[in-house]
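A quick write-up on the structure given underneath.
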Amino acid sequence: MLLIYDGTVGPDAPAPRTGGVPLAPRGFAWPTCRECGGPLQFLAHLPLDIGVVAVFFCQNDPGMCDDWNATGGANRAYLFTGELARAAVPAEGETLLGAVTALRRHPADTPTEEPVLGRLGGEPDWLQGDETPDCPRCAGRMAFVAELEEGCDFATSANFGGGGRGYVFGCRPCVEAAFLWQR
């Protein structure tokens, strides 16, 4: 299933989107980069059959922290279940994208002229080679759930180094998620 550009949407819409404000469980603490200590930037809200995945990565000093690495500490993906509400956004740091983009599901086998911003399910289309992470709880290989493209304009784009692609993984039994990107 492709994720295609579907215009703008509110910052806390429960629909698939890039940007805006994450929806998270009560008491959620905004993640920080283990390398620079700054707050991570919220990238995507992806409601899936396994729960809602929220993706974050470090953009405090782009290129200086290992934000591409699933286990390096400069990015974080969460798999949320249950009741979610708008998270409190830190006042300092590069925490939000410049705009919010709605993502609409579109069958992968149906041509489209609209900008493709990612896809759900299937197999990862690796740019450099398989980097599927293991679950930090059970050590099993995580399942691929989504790919994210950089975006169609500067305000809505993730900084994947120009031409890069993000990969989201999940472990349903452990309620864990992981994110990495390649260029």
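Residues are referred to by chain and number: the chain letter is A, B, ... according to the order shown in the structure tokens, the number counts from 1 in that chain, and ligands are numbered separately from 1 in the order shown.
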
Might you pull out every residue within 7 Å of A:Pro39, with only C-alpha atoms counted and same-chain residues fewer than 5 positions away left off, and present them as a compact mmCIF listing (two decimals) with all heavy atoms, in the first residue's frame?
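This is the output file around.txt:
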# COMPACT_ATOMS: atom_id res chain seq x y z
N TRP A 30 8.82 13.37 26.02
CA TRP A 30 9.41 13.62 24.70
C TRP A 30 10.82 13.03 24.66
O TRP A 30 11.62 13.27 25.57
CB TRP A 30 9.46 15.12 24.43
CG TRP A 30 9.65 15.46 22.99
CD1 TRP A 30 10.84 15.49 22.32
CD2 TRP A 30 8.64 15.79 22.05
NE1 TRP A 30 10.63 15.83 21.01
CE2 TRP A 30 9.28 16.03 20.82
CE3 TRP A 30 7.27 15.92 22.13
CZ2 TRP A 30 8.59 16.39 19.66
CZ3 TRP A 30 6.58 16.28 20.98
CH2 TRP A 30 7.25 16.51 19.77
N PRO A 31 11.14 12.27 23.61
CA PRO A 31 12.47 11.63 23.56
C PRO A 31 13.58 12.63 23.27
O PRO A 31 13.38 13.63 22.59
CB PRO A 31 12.32 10.61 22.43
CG PRO A 31 11.26 11.19 21.54
CD PRO A 31 10.31 11.91 22.46
N THR A 32 14.75 12.32 23.80
CA THR A 32 15.94 13.14 23.55
C THR A 32 17.02 12.27 22.90
O THR A 32 17.05 11.06 23.04
CB THR A 32 16.48 13.75 24.85
OG1 THR A 32 16.77 12.70 25.77
CG2 THR A 32 15.50 14.73 25.47
N CYS A 33 17.93 12.95 22.22
CA CYS A 33 19.05 12.29 21.55
C CYS A 33 20.08 11.85 22.58
O CYS A 33 20.49 12.66 23.42
CB CYS A 33 19.66 13.25 20.54
SG CYS A 33 21.11 12.61 19.67
N GLY A 93 14.64 23.47 20.80
CA GLY A 93 15.12 22.42 19.91
C GLY A 93 14.32 22.31 18.62
O GLY A 93 13.28 22.95 18.44
N THR A 95 12.02 20.39 17.08
CA THR A 95 11.08 19.35 17.49
C THR A 95 10.00 19.03 16.47
O THR A 95 9.44 17.94 16.50
CB THR A 95 10.41 19.72 18.82
OG1 THR A 95 9.76 20.98 18.65
CG2 THR A 95 11.43 19.80 19.95

Residues near A:Gly140, cut-off 12 Å, only C-alpha atoms, skip fewer than 4 positions along chain, as a PyMOL selection string: chain A and resi 132-136+169-174+176

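Between A:Cys65 and the candidates A:His45, A:Arg34, A:Arg165, A:Arg105, the tightest atom-to-atom separation, counting only C-alpha atoms, involves A:Arg34.
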
Atomic distance atom CA of A:Gly7 - atom CA of A:Leu46, expressed in Å with one decimal: 16.0 Å

Residues flagged strand (DSSP E) by DSSP in stretch 38-168 of chain A, as a ChimeraX atom specification: /A:41-48,51-57,75-80,85-86,101-106,116-120,143-149,165-168

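Among the candidate residues A:Cys36, A:Leu3, A:Met64, A:Ala108, the one lying nearest to A:Ala146 is A:Leu3, with distances computed using only C-alpha atoms.
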
Nearby residues (only C-alpha atoms) at most 9 Å from A:Ser157, same-chain spacing under 3 positions excluded, as a ChimeraX atom specification: /A:18-19,43,97-99,149-154,160

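Atom to atom, atom CA of A:Gly51 and atom CA of A:Leu23 stand 11.7 Å apart.
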
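The space between atom CA of A:Ala13 and atom CA of A:Glu147 spans 20.1 Å.
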
Nearest residue to A:Ala155 from the set A:Leu84, A:Val100, A:Thr8, A:Glu92 (distances using only C-alpha atoms): A:Val100

Residue contacts of A:Gly166 (6 Å, only C-alpha atoms) excluding same-chain residues fewer than 3 positions away, as a PyMOL selection string: chain A and resi 147-148+180-181

Once you have the residues from the selection above, write them out as an mmCIF file, in the first residue's frame, restricted to C-alpha atoms.
data_model
loop_
_atom_site.group_PDB
_atom_site.id
_atom_site.type_symbol
_atom_site.label_atom_id
_atom_site.label_comp_id
_atom_site.auth_asym_id
_atom_site.auth_seq_id
_atom_site.Cartn_x
_atom_site.Cartn_y
_atom_site.Cartn_z
ATOM 1 C CA GLU A 147 8.870 3.197 4.403
ATOM 2 C CA LEU A 148 9.016 6.983 4.378
ATOM 3 C CA LEU A 180 16.433 3.856 10.611
ATOM 4 C CA TRP A 181 17.194 5.535 7.311
#
